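Text of the file query_28.cif, holding mmCIF, C-alpha atoms and all ligand atoms:
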```
data_work
#
loop_
_atom_site.label_atom_id
_atom_site.label_comp_id
_atom_site.auth_asym_id
_atom_site.auth_seq_id
_atom_site.Cartn_x
_atom_site.Cartn_y
_atom_site.Cartn_z
CA MET N 851 67.72 55.23 112.58
CA THR N 852 67.21 58.55 110.78
CA VAL N 853 64.38 60.66 112.05
CA ALA N 854 63.60 64.10 110.70
CA PRO N 855 62.97 66.81 113.27
CA THR N 856 59.23 67.14 113.70
CA LEU N 857 59.04 70.89 114.19
CA PRO N 858 60.43 73.81 112.24
CA GLY N 859 63.55 75.15 113.89
CA ALA N 860 64.30 71.92 115.77
CA VAL N 861 67.78 70.89 116.89
CA THR N 862 68.30 67.12 116.86
CA VAL N 863 70.92 65.30 118.93
CA ARG N 864 71.90 61.65 118.53
CA VAL N 865 72.96 59.89 121.70
CA PRO N 866 74.29 56.38 122.45
CA ALA N 867 73.60 53.79 125.13
CA LYS N 868 76.36 52.46 127.39
CA VAL N 869 77.56 49.14 128.66
CA ASN N 870 79.70 48.76 131.79
CA LEU N 871 82.65 46.55 130.84
CA GLU N 872 83.46 46.35 134.51
CA LEU N 873 81.35 47.50 137.44
CA ARG N 874 82.81 47.28 140.95
CA VAL N 875 80.46 48.34 143.72
CA GLY N 876 81.85 49.46 147.09
CA PRO N 877 80.06 49.39 150.44
CA ARG N 878 76.88 51.40 150.90
CA ARG N 879 77.82 54.89 152.13
CA PRO N 880 75.95 56.78 154.87
CA ASP N 881 74.31 58.95 152.17
CA GLY N 882 72.80 55.78 150.66
CA PHE N 883 74.99 55.79 147.54
CA HIS N 884 77.66 53.23 146.73
CA ALA N 885 81.17 54.15 145.62
CA LEU N 886 81.76 52.74 142.16
CA ALA N 887 84.73 51.91 140.00
CA THR N 888 83.60 51.27 136.47
CA VAL N 889 84.71 51.24 132.85
CA TYR N 890 82.11 52.46 130.41
CA GLN N 891 81.85 51.89 126.69
CA ALA N 892 79.36 53.81 124.51
CA VAL N 893 77.60 51.50 122.04
CA SER N 894 75.67 52.05 118.82
CA LEU N 895 72.12 51.82 120.11
CA HIS N 896 70.88 55.39 119.76
CA ASP N 897 68.07 57.68 120.80
CA GLU N 898 67.43 60.92 118.96
CA VAL N 899 66.17 63.93 120.87
CA SER N 900 64.80 66.99 119.03
CA VAL N 901 64.02 70.27 120.76
CA ALA N 902 62.11 73.23 119.32
CA ARG N 903 60.58 76.39 120.78
CA TRP N 904 56.92 75.84 121.71
CA ASP N 905 54.24 77.70 123.65
CA GLU N 906 54.23 75.15 126.51
CA TRP N 907 56.40 72.27 127.70
CA GLN N 908 55.58 69.04 125.87
CA VAL N 909 57.19 65.64 125.27
CA VAL N 910 56.42 63.53 122.23
CA ALA N 911 57.80 59.99 122.45
CA ALA N 912 58.22 57.76 119.41
CA GLY N 913 60.03 54.52 118.58
CA ALA N 914 60.21 51.01 119.93
CA TYR N 915 60.05 51.87 123.65
CA ALA N 916 58.00 55.09 123.52
CA ASP N 917 55.18 53.83 125.72
CA ARG N 918 57.57 53.09 128.61
CA ILE N 919 58.78 56.60 129.37
CA PRO N 920 56.99 59.48 131.11
CA THR N 921 55.88 62.41 128.96
CA ASP N 922 55.49 64.88 131.84
CA GLY N 923 58.02 66.80 133.92
CA ASP N 924 59.50 63.51 135.20
CA ASN N 925 61.02 62.82 131.82
CA LEU N 926 64.77 63.17 132.23
CA ALA N 927 65.10 65.17 129.00
CA VAL N 928 62.61 67.72 130.35
CA ARG N 929 64.47 67.91 133.66
CA ALA N 930 67.71 68.55 131.78
CA ALA N 931 66.17 71.23 129.54
CA ARG N 932 64.56 72.98 132.50
CA LEU N 933 67.85 72.94 134.37
CA VAL N 934 69.54 74.76 131.48
CA ALA N 935 66.64 77.23 131.17
CA ASP N 936 66.72 78.03 134.90
CA ARG N 937 70.49 78.36 135.07
CA TRP N 938 70.73 80.71 132.04
CA ASP N 939 67.44 82.55 132.60
CA VAL N 940 65.87 81.40 129.36
CA ASP N 941 62.16 82.16 129.55
CA GLU N 942 60.99 79.76 126.83
CA CYS N 943 59.14 76.44 126.67
CA LEU N 944 60.14 73.54 124.44
CA SER N 945 58.59 70.72 122.52
CA ILE N 946 60.89 67.73 123.02
CA ARG N 947 60.62 64.77 120.69
CA ILE N 948 62.34 61.55 121.77
CA ASP N 949 62.86 58.78 119.24
CA LYS N 950 63.55 55.98 121.66
CA ASP N 951 65.62 53.05 120.51
CA ILE N 952 67.56 52.42 123.73
CA PRO N 953 65.80 49.80 125.90
CA VAL N 954 64.04 51.36 128.91
CA ALA N 955 65.07 50.26 132.42
CA GLY N 956 67.56 47.90 130.79
CA GLY N 957 70.77 49.01 132.49
CA MET N 958 71.87 50.87 129.36
CA ALA N 959 71.41 54.44 130.66
CA GLY N 960 68.52 55.31 128.33
CA GLY N 961 67.12 58.07 130.52
CA SER N 962 70.59 59.48 131.14
CA ALA N 963 71.16 59.44 127.39
CA ASP N 964 68.07 61.57 126.79
CA ALA N 965 69.13 63.97 129.53
CA ALA N 966 72.60 64.31 127.96
CA ALA N 967 71.04 64.83 124.53
CA ALA N 968 68.71 67.53 125.86
CA LEU N 969 71.65 69.42 127.40
CA VAL N 970 73.51 69.46 124.10
CA ALA N 971 70.37 70.34 122.12
CA CYS N 972 69.41 73.24 124.42
CA ASP N 973 72.94 74.61 124.34
CA GLN N 974 72.73 74.67 120.53
CA LEU N 975 69.13 75.95 120.25
CA TRP N 976 69.64 78.79 122.71
CA GLY N 977 73.15 79.63 121.43
CA LEU N 978 74.68 79.42 124.90
CA GLY N 979 78.13 78.25 123.77
CA LEU N 980 78.69 76.08 126.86
CA ASP N 981 82.09 74.43 127.08
CA ARG N 982 82.71 70.77 127.96
CA ASP N 983 83.28 71.50 131.65
CA GLU N 984 80.04 73.46 131.99
CA LEU N 985 78.08 70.71 130.27
CA ALA N 986 79.77 68.03 132.39
CA GLU N 987 78.95 69.92 135.60
CA LEU N 988 75.26 70.16 134.63
CA ALA N 989 75.30 66.51 133.56
CA ALA N 990 76.61 65.32 136.94
CA THR N 991 73.70 67.00 138.73
CA LEU N 992 71.24 65.05 136.55
CA GLY N 993 72.63 61.53 137.09
CA SER N 994 75.77 59.47 137.54
CA ASP N 995 75.89 58.19 133.95
CA VAL N 996 75.05 61.48 132.23
CA PRO N 997 78.64 62.87 132.08
CA PHE N 998 79.89 59.71 130.39
CA ILE N 999 77.08 59.70 127.83
CA LEU N 1000 78.04 63.26 126.89
CA SER N 1001 81.59 62.26 126.08
CA GLY N 1002 81.12 58.68 124.80
CA GLY N 1003 84.00 56.43 123.74
CA ASN N 1004 85.54 54.46 126.62
CA ALA N 1005 86.13 55.94 130.07
CA MET N 1006 86.74 55.00 133.65
CA GLY N 1007 84.18 56.28 136.17
CA SER N 1008 84.63 56.72 139.92
CA GLY N 1009 82.70 58.38 142.74
CA ARG N 1010 79.13 57.51 141.80
CA GLY N 1011 80.35 56.95 138.23
CA GLU N 1012 80.30 60.64 137.32
CA GLN N 1013 84.02 61.37 137.79
CA LEU N 1014 85.57 60.37 134.49
CA ALA N 1015 89.12 59.54 133.49
CA PRO N 1016 90.31 58.53 130.03
CA VAL N 1017 91.38 54.95 129.32
CA LEU N 1018 93.76 53.73 126.67
CA ALA N 1019 91.87 51.52 124.25
CA ARG N 1020 92.06 50.32 120.69
CA GLY N 1021 89.77 48.48 118.33
CA THR N 1022 86.07 48.15 117.76
CA PHE N 1023 84.06 45.55 119.65
CA HIS N 1024 80.95 43.72 118.45
CA TRP N 1025 78.12 43.18 120.88
CA VAL N 1026 74.80 41.38 121.06
CA PHE N 1027 72.31 42.74 123.60
CA ALA N 1028 69.58 40.38 124.81
CA ILE N 1029 66.62 42.40 125.99
CA SER N 1030 64.08 41.21 128.54
CA ASP N 1031 60.39 41.94 128.73
CA THR N 1032 60.37 43.50 132.15
CA GLY N 1033 62.80 46.13 133.37
CA LEU N 1034 64.73 46.07 136.63
CA SER N 1035 64.86 49.23 138.69
CA THR N 1036 68.36 50.35 139.59
CA PRO N 1037 67.57 51.03 143.32
CA GLU N 1038 65.97 47.57 143.61
CA VAL N 1039 69.13 45.89 142.28
CA TYR N 1040 71.44 47.84 144.62
CA ALA N 1041 69.19 46.96 147.58
CA GLU N 1042 69.37 43.28 146.63
CA CYS N 1043 73.16 43.54 146.29
CA ASP N 1044 73.35 44.94 149.86
CA ARG N 1045 71.01 42.25 151.13
CA LEU N 1046 73.05 39.40 149.60
CA ARG N 1047 76.33 40.84 150.88
CA GLU N 1048 74.93 41.17 154.39
CA ARG N 1049 73.39 37.69 154.33
CA ASP N 1050 76.67 36.13 153.16
CA GLY N 1051 78.84 38.25 155.49
CA ILE N 1052 80.88 39.58 152.58
CA ASP N 1053 83.48 42.16 153.54
CA VAL N 1054 83.35 44.65 150.66
CA PRO N 1055 86.63 46.32 149.68
CA GLU N 1056 86.93 49.81 148.15
CA PRO N 1057 86.11 49.32 144.48
CA GLN N 1058 88.91 49.22 141.94
CA VAL N 1059 89.01 48.49 138.22
CA SER N 1060 91.10 45.40 137.40
CA SER N 1061 94.41 45.55 135.57
CA GLU N 1062 93.19 42.64 133.37
CA LEU N 1063 90.38 44.76 131.94
CA MET N 1064 92.62 47.76 131.28
CA ALA N 1065 95.19 45.50 129.56
CA ALA N 1066 92.44 43.90 127.46
CA LEU N 1067 91.21 47.31 126.27
CA ARG N 1068 94.75 48.43 125.45
CA SER N 1069 95.30 45.27 123.40
CA GLY N 1070 92.04 45.58 121.45
CA ASP N 1071 91.74 41.77 121.69
CA PRO N 1072 88.06 40.80 122.10
CA ALA N 1073 88.93 37.41 123.62
CA LEU N 1074 90.89 39.12 126.42
CA LEU N 1075 88.10 41.64 126.95
CA GLY N 1076 85.47 38.91 126.99
CA ALA N 1077 87.35 37.11 129.76
CA ALA N 1078 87.78 40.33 131.79
CA LEU N 1079 84.13 41.51 131.80
CA HIS N 1080 82.83 41.79 135.37
CA ASN N 1081 79.76 43.16 137.14
CA ASP N 1082 79.37 43.16 140.94
CA LEU N 1083 75.60 43.68 140.50
CA GLU N 1084 75.22 40.44 138.57
CA PRO N 1085 74.47 38.18 141.59
CA ALA N 1086 71.71 40.62 142.63
CA ALA N 1087 70.24 40.73 139.10
CA PHE N 1088 70.37 36.89 138.94
CA SER N 1089 68.73 36.67 142.35
CA LEU N 1090 65.85 38.92 141.23
CA ARG N 1091 65.56 37.35 137.73
CA PRO N 1092 66.98 33.78 137.82
CA GLN N 1093 66.27 33.34 134.10
CA LEU N 1094 69.02 35.90 133.34
CA ARG N 1095 71.66 33.42 134.46
CA GLU N 1096 70.26 30.86 132.06
CA LEU N 1097 70.35 33.44 129.27
CA ARG N 1098 73.95 34.44 130.06
CA ASP N 1099 75.08 30.79 130.15
CA ALA N 1100 73.29 30.02 126.87
CA GLY N 1101 74.99 32.93 125.08
CA VAL N 1102 78.41 31.81 126.26
CA GLU N 1103 77.66 28.24 125.22
CA PHE N 1104 76.62 29.54 121.76
CA GLY N 1105 80.08 31.05 121.32
CA ALA N 1106 80.11 34.51 122.93
CA LEU N 1107 83.57 35.51 124.23
CA GLY N 1108 81.91 36.80 127.39
CA GLY N 1109 78.45 37.57 128.73
CA ILE N 1110 77.51 40.03 131.42
CA VAL N 1111 74.45 41.71 132.86
CA SER N 1112 74.60 45.32 131.64
CA GLY N 1113 74.73 47.73 134.61
CA SER N 1114 71.75 46.99 136.85
CA GLY N 1115 70.19 44.79 134.15
CA PRO N 1116 68.14 43.09 132.97
CA THR N 1117 69.75 43.47 129.52
CA VAL N 1118 72.51 40.87 129.03
CA ALA N 1119 75.46 41.99 126.91
CA PHE N 1120 77.47 39.43 124.90
CA LEU N 1121 80.84 40.23 123.39
CA THR N 1122 81.65 38.46 120.13
CA GLU N 1123 84.73 37.95 117.96
CA SER N 1124 83.48 39.84 114.88
CA HIS N 1125 80.46 41.28 113.12
CA GLU N 1126 79.76 37.85 111.56
CA ALA N 1127 80.02 36.15 114.96
CA SER N 1128 77.49 38.63 116.35
CA LEU N 1129 75.05 37.65 113.57
CA ASP N 1130 75.52 33.95 114.34
CA LEU N 1131 75.02 34.49 118.05
CA SER N 1132 71.83 36.51 117.43
CA VAL N 1133 70.41 33.66 115.37
CA SER N 1134 71.20 31.06 118.06
CA LEU N 1135 69.79 33.20 120.87
CA ALA N 1136 66.65 34.02 118.88
CA ALA N 1137 66.01 30.29 118.41
CA SER N 1138 66.48 29.66 122.15
CA ASP N 1139 63.44 31.78 123.12
CA LEU N 1140 65.26 33.01 126.24
CA CYS N 1141 64.80 36.73 125.58
CA ARG N 1142 62.26 39.07 124.03
CA ASP N 1143 64.46 40.97 121.63
CA LEU N 1144 68.04 41.01 120.35
CA ARG N 1145 70.06 43.98 119.19
CA ARG N 1146 73.52 44.08 117.67
CA ALA N 1147 75.79 47.06 118.22
CA LYS N 1148 79.40 48.10 118.11
CA GLY N 1149 81.47 50.13 120.48
CA PRO N 1150 83.01 52.45 121.24
CA VAL N 1151 81.03 55.24 119.54
CA HIS N 1152 80.80 59.01 120.01
CA GLY N 1153 78.80 60.63 122.78
CA ALA N 1154 75.83 62.99 122.35
CA HIS N 1155 76.21 65.05 119.16
CA VAL N 1156 74.10 67.41 117.07
CA VAL N 1157 72.88 65.85 113.82
CA ALA N 1158 70.45 68.53 112.62
CA THR N 1159 70.16 72.24 113.25
CA PRO N 1160 67.53 74.66 111.96
CA ARG N 1161 69.86 75.67 109.11
CA HIS N 1162 70.12 72.08 107.83
CA ALA N 1163 66.80 70.63 108.90
CA ASP N 1164 63.32 71.07 107.41
P1 LIG N 1201 70.76 53.10 134.19
O1 LIG N 1201 71.46 52.18 133.27
O2 LIG N 1201 71.23 54.54 134.07
O3 LIG N 1201 70.69 52.63 135.61
P2 LIG N 1201 68.37 52.18 132.96
O4 LIG N 1201 68.88 52.13 131.56
O5 LIG N 1201 68.30 50.89 133.69
O6 LIG N 1201 69.22 53.21 133.75
P3 LIG N 1201 66.33 53.98 132.12
O7 LIG N 1201 66.02 53.50 130.74
O8 LIG N 1201 67.16 55.19 132.25
O9 LIG N 1201 66.94 52.80 132.99
O10 LIG N 1201 64.93 54.15 132.89
C1 LIG N 1201 64.88 54.35 134.27
C2 LIG N 1201 63.57 55.02 134.64
O11 LIG N 1201 63.61 56.37 134.19
C3 LIG N 1201 62.34 54.37 134.02
O12 LIG N 1201 61.39 54.23 135.03
C4 LIG N 1201 61.87 55.38 133.00
O13 LIG N 1201 60.47 55.39 132.84
C5 LIG N 1201 62.37 56.71 133.57
N1 LIG N 1201 62.64 57.76 132.54
C6 LIG N 1201 62.43 59.06 132.67
N2 LIG N 1201 62.75 59.73 131.55
C7 LIG N 1201 63.19 58.82 130.69
C8 LIG N 1201 63.66 58.91 129.38
N3 LIG N 1201 63.75 60.05 128.71
N4 LIG N 1201 64.04 57.78 128.79
C9 LIG N 1201 63.99 56.60 129.49
N5 LIG N 1201 63.54 56.48 130.72
C10 LIG N 1201 63.12 57.57 131.33
#
```
Could you render the structure as structure tokens?
Amino acid sequence: MTVAPTLPGAVTVRVPAKVNLELRVGPRRPDGFHALATVYQAVSLHDEVSVARWDEWQVVAAGAYADRIPTDGDNLAVRAARLVADRWDVDECLSIRIDKDIPVAGGMAGGSADAAAALVACDQLWGLGLDRDELAELAATLGSDVPFILSGGNAMGSGRGEQLAPVLARGTFHWVFAISDTGLSTPEVYAECDRLRERDGIDVPEPQVSSELMAALRSGDPALLGAALHNDLEPAAFSLRPQLRELRDAGVEFGALGGIVSGSGPTVAFLTESHEASLDLSVSLAASDLCRDLRRAKGPVHGAHVVATPRHAD
């Protein structure tokens, strides 16, 4: 996707989606959050966010999912830009254009991606020269996934997912993402997870990433990684959308090395052996009529990065 900045003087940032290769969810804490242990991978489904000086705040949304995001102050890119403006006393308004290619409410951190992109774009537009730590600190106040989306690649996340640690990984992995018609809200899925655990009397341990997943990433072997994929939120997503289980099972039957609900869903992520295998799987899943849309992507990819500045754009 190449989209020219819409306004003179715009800075454009390209930003990836994420998939959780493993998501372990601890008990609900008194503050309502759950402790997480997760391994993220950034994948090549991208949004592009362009910011330019304007005489009032405005959001222009374009692309496949444009009609599903707010264009007022609730937009996460606006919240990120305003946070930077407040913190550094910048008395300017922005026009923010979002070319949206990351599924909305799909468990792929689309809103977090736009927030991360807006941070990087504002830093560049306003010449603030923020370092990685300053950006990461701002990112963590905007959402648990935002720090990871800034850095991209593969990383382990703890706390609420915002405390990152590097992981040793090699290779490129080929994914097929099966996208559903209706989104699932993240709080709804966590609430269902709590409900199921309480109903079944499950004693929830402190979350920890498995050694199998870390070994699979180190090896670069997609078959090992496919077998190690895990998501503690999957039973809750299946409970709320039973057809997702059918979709996951179909993908595995069609030859995926592993299938998993992405984050809080409802997108289902399938890992395949190769680029060709991802094409074959897409064809089989498309014929099955079990999902609305299919997207192929590879990972890991870079985090939010500037692709056009006023000097190069226009
Ligand atoms: P996560 O994986 O981080 O839990 P998600 O991918 O499931 O999130 P999002 O696409 O981030 O979900 O959307 C969550 C909500 O945030 C939706 O209700 C959406 O309308 C809202 N939202 C606000 N700003 C944005 C934005 N810039 N892009 C996408 N969604 C946004």
Nearest to ligand LIG 1201 (chain N), chosen from N:Ser1001, N:Ser1124, N:Thr1022, N:Ser962, with only C-alpha atoms and all ligand atoms counted in the distances:
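Nearest candidate to ligand LIG 1201 (chain N) out of N:Ser1001, N:Ser1124, N:Thr1022, N:Ser962: N:Ser962.
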Hey, which of N:Leu1075, N:Leu1131, N:Ala1158, N:Leu992 ends up closest to ligand LIG 1201 (chain N)? Count all atoms listed in the file.
N:Leu992
Sel. within 10 Å of pt (75.4, 64.8, 119.8), counting only C-alpha atoms, output as a list in words
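The answer, in the requested form, is Thr862, Val863, Arg864, Val865, Pro866, Glu898, Val899, Ala966, Ala967, Ala968, Leu969, Val970, Ala971, Ile999, Leu1000, Ser1001, Gly1002, His1152, Gly1153, Ala1154, His1155, Val1156, Val1157 and Ala1158 of chain N.
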Okay, now the selection with C-alpha atoms, as a tab-separated table (two decimals), in the frame of the given file?
```tsv
chain	number	residue	atom	x	y	z
N	862	THR	CA	68.30	67.12	116.86
N	863	VAL	CA	70.92	65.30	118.93
N	864	ARG	CA	71.90	61.65	118.53
N	865	VAL	CA	72.96	59.89	121.70
N	866	PRO	CA	74.29	56.38	122.45
N	898	GLU	CA	67.43	60.92	118.96
N	899	VAL	CA	66.17	63.93	120.87
N	966	ALA	CA	72.60	64.31	127.96
N	967	ALA	CA	71.04	64.83	124.53
N	968	ALA	CA	68.71	67.53	125.86
N	969	LEU	CA	71.65	69.42	127.40
N	970	VAL	CA	73.51	69.46	124.10
N	971	ALA	CA	70.37	70.34	122.12
N	999	ILE	CA	77.08	59.70	127.83
N	1000	LEU	CA	78.04	63.26	126.89
N	1001	SER	CA	81.59	62.26	126.08
N	1002	GLY	CA	81.12	58.68	124.80
N	1152	HIS	CA	80.80	59.01	120.01
N	1153	GLY	CA	78.80	60.63	122.78
N	1154	ALA	CA	75.83	62.99	122.35
N	1155	HIS	CA	76.21	65.05	119.16
N	1156	VAL	CA	74.10	67.41	117.07
N	1157	VAL	CA	72.88	65.85	113.82
N	1158	ALA	CA	70.45	68.53	112.62
```
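Between CA of Arg982 in chain N and CA of Gly1115 in chain N there is a distance of 29.5 Å.
Among the candidate residues N:Pro1150, N:Gly1109, N:Gly957, N:Gly1009, the one lying nearest to ligand LIG 1201 (chain N) is N:Gly957, with distances computed using only C-alpha atoms and all ligand atoms.
The binding environment of ligand LIG 1201 (chain N), defined as every protein, DNA or RNA residue with an atom no more than 7 Å away and counting all atoms listed in the file, comprises Arg918, Ile919, Pro920, Asp924, Asn925, Leu926, Ala927, Pro953, Val954, Ala955, Gly956, Gly957, Met958, Ala959, Gly960, Gly961, Ser962, Asp964, Ala965, Asp995, Leu1034, Ser1035, Thr1036, Gly1113, Ser1114 and Gly1115 of chain N.
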List the neighbours of Asn870 in chain N out to 12 Å using all atoms listed in the file; skip same-chain residues closer than 6 positions along the sequence, and give me the result as JSON, numbers by chain.
{"N": [886, 887, 888, 889, 890, 891, 892, 893, 957, 958, 959, 995, 998, 999, 1003, 1004, 1005, 1006, 1007, 1011, 1059, 1063, 1078, 1079, 1080, 1081, 1082, 1083, 1084, 1109, 1110, 1111, 1112, 1113, 1114, 1115, 1117, 1118, 1119, 1120, 1149, 1150]}
Which residue is closest to Lys868 in chain N? Choose from N:Arg1068, N:Lys1148, N:Val1102, N:Trp976 and count all atoms listed in the file.
N:Lys1148
How many Å lie between CA of Gly923 in chain N and CA of Ile948 in chain N, rounded to one decimal?
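Rounded to one decimal, the two atoms are 13.9 Å apart.
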What gap, in Å, lies between CA of Glu1096 in chain N and CA of Pro1116 in chain N?
12.4 Å
Check which residues of range 922-971 of chain N sit at most 9 Å from range 902-906 of chain N using all atoms listed in the file, and return one row each with the closest pair of atoms and their distance in Å to one decimal, ordered by chain and rising number, as JSON lines.
```
{"residue": "N:Glu942", "atom": "CA", "partner": "N:Arg903", "partner_atom": "CA", "distance": 6.9}
{"residue": "N:Cys943", "atom": "CA", "partner": "N:Glu906", "partner_atom": "CA", "distance": 5.1}
{"residue": "N:Leu944", "atom": "CA", "partner": "N:Arg903", "partner_atom": "CA", "distance": 4.7}
{"residue": "N:Ser945", "atom": "CA", "partner": "N:Ala902", "partner_atom": "CA", "distance": 5.4}
{"residue": "N:Ile946", "atom": "CA", "partner": "N:Ala902", "partner_atom": "CA", "distance": 6.7}
{"residue": "N:Arg947", "atom": "CA", "partner": "N:Ala902", "partner_atom": "CA", "distance": 8.7}
```
N:Ala1147, N:Leu1135, N:Val934, N:Ala1127: which is nearest Thr991 in chain N, counting all atoms listed in the file?
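Checking each candidate against Thr991 in chain N, we get N:Val934 as the closest.
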When you look at Ser1134 in chain N with a cut-off of 12 Å (counting only C-alpha atoms), what residues show up, excluding the ones that are within fewer than 2 positions of it in the same chain? I need them as an mmCIF file with C-alpha atoms, in the coordinates of the input.
```
data_model
loop_
_atom_site.group_PDB
_atom_site.id
_atom_site.type_symbol
_atom_site.label_atom_id
_atom_site.label_comp_id
_atom_site.auth_asym_id
_atom_site.auth_seq_id
_atom_site.Cartn_x
_atom_site.Cartn_y
_atom_site.Cartn_z
ATOM 1 C CA VAL N 1026 74.800 41.380 121.060
ATOM 2 C CA ALA N 1028 69.580 40.380 124.810
ATOM 3 C CA LEU N 1097 70.350 33.440 129.270
ATOM 4 C CA ALA N 1100 73.290 30.020 126.870
ATOM 5 C CA GLY N 1101 74.990 32.930 125.080
ATOM 6 C CA VAL N 1102 78.410 31.810 126.260
ATOM 7 C CA GLU N 1103 77.660 28.240 125.220
ATOM 8 C CA PHE N 1104 76.620 29.540 121.760
ATOM 9 C CA GLY N 1105 80.080 31.050 121.320
ATOM 10 C CA ALA N 1106 80.110 34.510 122.930
ATOM 11 C CA ALA N 1127 80.020 36.150 114.960
ATOM 12 C CA SER N 1128 77.490 38.630 116.350
ATOM 13 C CA LEU N 1129 75.050 37.650 113.570
ATOM 14 C CA ASP N 1130 75.520 33.950 114.340
ATOM 15 C CA LEU N 1131 75.020 34.490 118.050
ATOM 16 C CA SER N 1132 71.830 36.510 117.430
ATOM 17 C CA ALA N 1136 66.650 34.020 118.880
ATOM 18 C CA ALA N 1137 66.010 30.290 118.410
ATOM 19 C CA SER N 1138 66.480 29.660 122.150
ATOM 20 C CA ASP N 1139 63.440 31.780 123.120
ATOM 21 C CA LEU N 1140 65.260 33.010 126.240
ATOM 22 C CA CYS N 1141 64.800 36.730 125.580
ATOM 23 C CA LEU N 1144 68.040 41.010 120.350
#
```
List every residue of range 966-1053 of chain N that has an atom at most 12 Å from any atom of range 909-915 of chain N, and for each one report the closest atom pair and its distance in Å to one decimal, counting only C-alpha atoms, with rows sorted by chain and then by increasing residue number, as CSV.
```
residue,atom,partner,partner_atom,distance
N:Ala968,CA,N:Val909,CA,11.7
N:Ile1029,CA,N:Tyr915,CA,11.8
N:Asp1031,CA,N:Tyr915,CA,11.2
N:Thr1032,CA,N:Tyr915,CA,11.9
N:Gly1033,CA,N:Tyr915,CA,11.6
```
Non-local contacts of Arg878 in chain N (10 Å; only C-alpha atoms; under 4 positions in same chain excluded) as a list in words:
Gly882, Phe883, His884, Ala885, Tyr1040, Ala1041, Cys1043, Asp1044 and Val1054 of chain N
Your completed range 1096-1107 of chain N with N, CA, C and O atoms, as an mmCIF file, in the coordinates of the input:
```cif
data_model
loop_
_atom_site.group_PDB
_atom_site.id
_atom_site.type_symbol
_atom_site.label_atom_id
_atom_site.label_comp_id
_atom_site.auth_asym_id
_atom_site.auth_seq_id
_atom_site.Cartn_x
_atom_site.Cartn_y
_atom_site.Cartn_z
ATOM 1 N N GLU N 1096 70.440 31.847 133.129
ATOM 2 C CA GLU N 1096 70.260 30.860 132.060
ATOM 3 C C GLU N 1096 70.584 31.475 130.698
ATOM 4 O O GLU N 1096 71.270 30.891 129.858
ATOM 5 N N LEU N 1097 70.104 32.715 130.523
ATOM 6 C CA LEU N 1097 70.350 33.440 129.270
ATOM 7 C C LEU N 1097 71.849 33.690 129.088
ATOM 8 O O LEU N 1097 72.413 33.456 128.013
ATOM 9 N N ARG N 1098 72.512 34.168 130.153
ATOM 10 C CA ARG N 1098 73.950 34.440 130.060
ATOM 11 C C ARG N 1098 74.710 33.150 129.707
ATOM 12 O O ARG N 1098 75.540 33.120 128.791
ATOM 13 N N ASP N 1099 74.374 32.053 130.397
ATOM 14 C CA ASP N 1099 75.080 30.790 130.150
ATOM 15 C C ASP N 1099 74.842 30.294 128.723
ATOM 16 O O ASP N 1099 75.756 29.782 128.074
ATOM 17 N N ALA N 1100 73.601 30.476 128.236
ATOM 18 C CA ALA N 1100 73.290 30.020 126.870
ATOM 19 C C ALA N 1100 74.125 30.784 125.854
ATOM 20 O O ALA N 1100 74.710 30.202 124.934
ATOM 21 N N GLY N 1101 74.221 32.113 126.024
ATOM 22 C CA GLY N 1101 74.990 32.930 125.080
ATOM 23 C C GLY N 1101 76.450 32.516 125.031
ATOM 24 O O GLY N 1101 77.061 32.439 123.963
ATOM 25 N N VAL N 1102 77.008 32.220 126.200
ATOM 26 C CA VAL N 1102 78.410 31.810 126.260
ATOM 27 C C VAL N 1102 78.574 30.434 125.594
ATOM 28 O O VAL N 1102 79.520 30.188 124.834
ATOM 29 N N GLU N 1103 77.613 29.568 125.852
ATOM 30 C CA GLU N 1103 77.660 28.240 125.220
ATOM 31 C C GLU N 1103 77.542 28.354 123.689
ATOM 32 O O GLU N 1103 78.168 27.601 122.947
ATOM 33 N N PHE N 1104 76.771 29.332 123.209
ATOM 34 C CA PHE N 1104 76.620 29.540 121.760
ATOM 35 C C PHE N 1104 77.820 30.228 121.131
ATOM 36 O O PHE N 1104 77.799 30.556 119.953
ATOM 37 N N GLY N 1105 78.842 30.547 121.927
ATOM 38 C CA GLY N 1105 80.080 31.050 121.320
ATOM 39 C C GLY N 1105 80.460 32.473 121.664
ATOM 40 O O GLY N 1105 81.471 32.978 121.143
ATOM 41 N N ALA N 1106 79.696 33.159 122.538
ATOM 42 C CA ALA N 1106 80.110 34.510 122.930
ATOM 43 C C ALA N 1106 81.441 34.442 123.677
ATOM 44 O O ALA N 1106 81.715 33.465 124.386
ATOM 45 N N LEU N 1107 82.271 35.474 123.529
ATOM 46 C CA LEU N 1107 83.570 35.510 124.230
ATOM 47 C C LEU N 1107 83.387 35.872 125.693
ATOM 48 O O LEU N 1107 84.280 35.663 126.514
#
```
